[in-house]
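Trainee: Got a structure for you, questions after.
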Amino acid sequence: SGFDGFGFSIELIQTLENKGYKDPSPIQKAAFPELMLGRDFVGQAQTGTGKTAAFALPLLERLKKSNKLAQVLVLTPTRELAMQVADSFRAYAAGHPQYKILAIYGGSEFRGQIIALKKGIDIVVGTPGRVMDHIRQGTLNTNGLRTLVLDEADEMLRMGFIDDVEWILEQLPEERQMILFSATMPSEIRRLSKNYLNNPAEIIIKSEKKEARLIRQRFIISQNNHKIEVLKRVLEAVSNEGVIIFTRTKVITLVVAEALEAAGHTVAVLNGDIPQNQRER
Ligand code: AMP
């Protein structure tokens, strides 16, 4: 296996084989040796480079026998990413069913999260606001944390979470490993890295943008009051495919959805006002 030689367990190698992974991606090749040693790490890499596995695999392998307290905390900018990262951890932990992994994020029920946290947990993946709430009210104990991961740090900055992130960093045990992933490195992220990371290994992965080359991009200029009509014509031309339409505001999602439904399309609206369980569905 291309994953031999990093010190991974047989169980993990088997899981990766079952998933059809043959070789580590460049960010993984760079990250595995550093993270298996417990070093701090800064990775500049985009989604699609395999960055989740780059930190998830070594962190799973370095978990200590469960002492009920969370050992790893991963912060993500969005609920969807938190769920996705937690799912990845679960998939990679297939050979270690005893590991407990939990996603905690706003909009979903507090009670279920508290019960799961009380039962004992190894890895928590969450959005900054909800993680802060749990730390404040004592339901997430940070004393056992050995590793913190900031995933998509530049997005957290862009979404205004950076103060929350710093507050959380201040609550962590002094001796801990910190891992930061970001697609870009604005000065605020560099400052964070300088202040909180201890002599980190730094890796930059240039993504090839293979997907972008496979996508033909076109635009149509139209007056505002003709846009829906134009959109309907475009949809007629692509009628057999699923389509994602992005709009600038929540209100416009509704306007567009109503117009398209009236034209006979099946439409689902996804915006921040939609209840979390419906968003997940
Ligand atoms: P990410 O960049 O973390 O969003 O991962 C992108 C996708 O690549 C995910 O669907 C992973 O399951 C997949 N992936 C990650 N590492 C590998 C690997 N070494 N070989 C094949 N697929 C991988």
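Lettering and numbering for the structure tokens are positional, with chains as A, B, ... in the shown order, residues counted from 1 in each chain, and ligands counted from 1 in the shown order.
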For A:Ala45, list every protein, DNA or RNA residue within 8 Å, evaluated using only C-alpha atoms, and leave out those in the same chain fewer than 3 positions away; present the list as a ChimeraX atom specification.

Mentor: /A:27,49,51,181-184,204-207

Trainee: Please report, as JSON lines, each residue of chain A lying at most 10 Å from ligand 1, together with the nearest pair of atoms and the separation in Å rounded to one decimal; use only C-alpha atoms and all ligand atoms, and order rows by chain and ascending residue number.

Mentor:
```
{"residue": "A:Gly2", "atom": "CA", "partner": "ligand 1", "partner_atom_place_in_ligand_line": "19 (N)", "distance": 8.7}
{"residue": "A:Phe3", "atom": "CA", "partner": "ligand 1", "partner_atom_place_in_ligand_line": "19 (N)", "distance": 8.4}
{"residue": "A:Leu16", "atom": "CA", "partner": "ligand 1", "partner_atom_place_in_ligand_line": "19 (N)", "distance": 8.1}
{"residue": "A:Glu17", "atom": "CA", "partner": "ligand 1", "partner_atom_place_in_ligand_line": "20 (N)", "distance": 9.5}
{"residue": "A:Lys19", "atom": "CA", "partner": "ligand 1", "partner_atom_place_in_ligand_line": "21 (C)", "distance": 8.0}
{"residue": "A:Gly20", "atom": "CA", "partner": "ligand 1", "partner_atom_place_in_ligand_line": "21 (C)", "distance": 6.7}
{"residue": "A:Tyr21", "atom": "CA", "partner": "ligand 1", "partner_atom_place_in_ligand_line": "20 (N)", "distance": 3.9}
{"residue": "A:Lys22", "atom": "CA", "partner": "ligand 1", "partner_atom_place_in_ligand_line": "20 (N)", "distance": 5.8}
{"residue": "A:Asp23", "atom": "CA", "partner": "ligand 1", "partner_atom_place_in_ligand_line": "19 (N)", "distance": 5.0}
{"residue": "A:Pro24", "atom": "CA", "partner": "ligand 1", "partner_atom_place_in_ligand_line": "19 (N)", "distance": 3.8}
{"residue": "A:Ser25", "atom": "CA", "partner": "ligand 1", "partner_atom_place_in_ligand_line": "19 (N)", "distance": 4.9}
{"residue": "A:Pro26", "atom": "CA", "partner": "ligand 1", "partner_atom_place_in_ligand_line": "19 (N)", "distance": 8.7}
{"residue": "A:Ile27", "atom": "CA", "partner": "ligand 1", "partner_atom_place_in_ligand_line": "16 (N)", "distance": 9.1}
{"residue": "A:Gln28", "atom": "CA", "partner": "ligand 1", "partner_atom_place_in_ligand_line": "19 (N)", "distance": 7.2}
{"residue": "A:Lys29", "atom": "CA", "partner": "ligand 1", "partner_atom_place_in_ligand_line": "19 (N)", "distance": 9.0}
{"residue": "A:Ala45", "atom": "CA", "partner": "ligand 1", "partner_atom_place_in_ligand_line": "2 (O)", "distance": 8.1}
{"residue": "A:Gln46", "atom": "CA", "partner": "ligand 1", "partner_atom_place_in_ligand_line": "2 (O)", "distance": 6.5}
{"residue": "A:Thr47", "atom": "CA", "partner": "ligand 1", "partner_atom_place_in_ligand_line": "2 (O)", "distance": 4.0}
{"residue": "A:Gly48", "atom": "CA", "partner": "ligand 1", "partner_atom_place_in_ligand_line": "2 (O)", "distance": 3.3}
{"residue": "A:Thr49", "atom": "CA", "partner": "ligand 1", "partner_atom_place_in_ligand_line": "2 (O)", "distance": 4.0}
{"residue": "A:Gly50", "atom": "CA", "partner": "ligand 1", "partner_atom_place_in_ligand_line": "2 (O)", "distance": 3.4}
{"residue": "A:Lys51", "atom": "CA", "partner": "ligand 1", "partner_atom_place_in_ligand_line": "3 (O)", "distance": 4.2}
{"residue": "A:Thr52", "atom": "CA", "partner": "ligand 1", "partner_atom_place_in_ligand_line": "3 (O)", "distance": 3.6}
{"residue": "A:Ala53", "atom": "CA", "partner": "ligand 1", "partner_atom_place_in_ligand_line": "15 (C)", "distance": 5.6}
{"residue": "A:Ala54", "atom": "CA", "partner": "ligand 1", "partner_atom_place_in_ligand_line": "16 (N)", "distance": 7.3}
{"residue": "A:Phe55", "atom": "CA", "partner": "ligand 1", "partner_atom_place_in_ligand_line": "3 (O)", "distance": 9.1}
{"residue": "A:Ala56", "atom": "CA", "partner": "ligand 1", "partner_atom_place_in_ligand_line": "3 (O)", "distance": 9.3}
{"residue": "A:Leu57", "atom": "CA", "partner": "ligand 1", "partner_atom_place_in_ligand_line": "16 (N)", "distance": 9.8}
{"residue": "A:Leu81", "atom": "CA", "partner": "ligand 1", "partner_atom_place_in_ligand_line": "4 (O)", "distance": 9.4}
{"residue": "A:Gln84", "atom": "CA", "partner": "ligand 1", "partner_atom_place_in_ligand_line": "4 (O)", "distance": 8.8}
{"residue": "A:Val85", "atom": "CA", "partner": "ligand 1", "partner_atom_place_in_ligand_line": "3 (O)", "distance": 8.1}
{"residue": "A:Ser88", "atom": "CA", "partner": "ligand 1", "partner_atom_place_in_ligand_line": "12 (O)", "distance": 7.4}
{"residue": "A:Ala91", "atom": "CA", "partner": "ligand 1", "partner_atom_place_in_ligand_line": "12 (O)", "distance": 9.3}
{"residue": "A:Tyr92", "atom": "CA", "partner": "ligand 1", "partner_atom_place_in_ligand_line": "12 (O)", "distance": 9.5}
```

Trainee: Please report, as number ranges by chain, each residue of stretch 115-209 of chain A to which DSSP assigns strand (DSSP E or B) when run on this structure's backbone.

Mentor: A: 123-126, 147-150, 177-182, 201-204

Trainee: Would you work out the distance separating atom CA of A:Leu60 from atom CA of A:Thr142, expressed in Å to one decimal?

Mentor: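 Result for atom CA of A:Leu60 versus atom CA of A:Thr142: 18.1 Å, one decimal.
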
Trainee: Can you measure atom CA of A:Gln278 to atom CA of A:Arg136 for me? One decimal in Å is fine.

Mentor: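 Going from atom CA of A:Gln278 over to atom CA of A:Arg136, I get 28.1 Å.
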
Trainee: Which one is closest to A:Lys65: A:Leu12, A:Ala82, A:Ile121, A:Ile215? Count only C-alpha atoms.

Mentor: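 The shortest atom-to-atom distance to A:Lys65 comes from A:Ile121.
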
Trainee: I'd like to know which of A:Ile221, A:Pro33, A:His96, A:Asp273 is closest to A:Glu11, using only C-alpha atoms.

Mentor: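 Residue with the minimum atom-to-atom distance to A:Glu11: A:His96.
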
Trainee: Run DSSP on the backbone of this structure and report the residues of stretch 164-271 of chain A it assigns to alpha helix (DSSP H), as an NGL selection string.

Mentor: :A and (164-170 or 187-196 or 210-214 or 227-237 or 250-262)

Trainee: Just want the 10 Å neighbourhood of stretch 239-244 of chain A, counted on only C-alpha atoms, with same-chain residues fewer than 5 positions away dropped. Output as a PyMOL selection string.

Mentor: chain A and resi 232-234+265-268

Trainee: When you look at A:Leu270 with a cut-off of 8 Å (counting only C-alpha atoms), what residues show up, excluding the ones that are within fewer than 4 positions of it in the same chain? I need them as a list in words.

Mentor: Thr253, Ile274 and Arg279 of chain A

Trainee: Selection from above, C-alpha atoms, as an mmCIF file, in the first residue's frame, can you write it?

Mentor:
```cif
data_model
loop_
_atom_site.group_PDB
_atom_site.id
_atom_site.type_symbol
_atom_site.label_atom_id
_atom_site.label_comp_id
_atom_site.auth_asym_id
_atom_site.auth_seq_id
_atom_site.Cartn_x
_atom_site.Cartn_y
_atom_site.Cartn_z
ATOM 1 C CA THR A 253 -34.093 32.351 -3.125
ATOM 2 C CA ILE A 274 -34.595 26.905 6.750
ATOM 3 C CA ARG A 279 -31.295 21.670 5.461
#
```

Trainee: What's the separation between atom CA of A:Asp164 and atom CA of A:Leu150, in Å to one decimal place?

Mentor: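 According to the coordinates, atom CA of A:Asp164 and atom CA of A:Leu150 are separated by 12.0 Å.
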
Trainee: When you count only C-alpha atoms, which of these residues is closest to A:Glu174: A:Asn277, A:Asn143, A:Gln137, A:Ser108?

Mentor: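 Ranking A:Asn277, A:Asn143, A:Gln137, A:Ser108 by distance to A:Glu174, first place goes to A:Asn143.
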
Trainee: Between A:Ala153, A:Leu59, A:Met159, A:Leu169, which residue has the minimum interatomic distance to A:Ile135, considering only C-alpha atoms?

Mentor: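 For A:Ile135, the nearest of the candidates is A:Leu169.
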
Trainee: Using only C-alpha atoms, pick whichever of A:Ser222, A:Thr78, A:Ser1, A:Gln113 has the shortest atom-to-atom distance to A:Glu155.

Mentor: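 Going through A:Ser222, A:Thr78, A:Ser1, A:Gln113 one by one, the smallest distance to A:Glu155 is for A:Thr78.
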
Trainee: Which residue out of A:Gln171, A:Val42, A:Ala86, A:Ile13 has the minimum interatomic distance to A:Asn199 when only C-alpha atoms are used?

Mentor: A:Val42
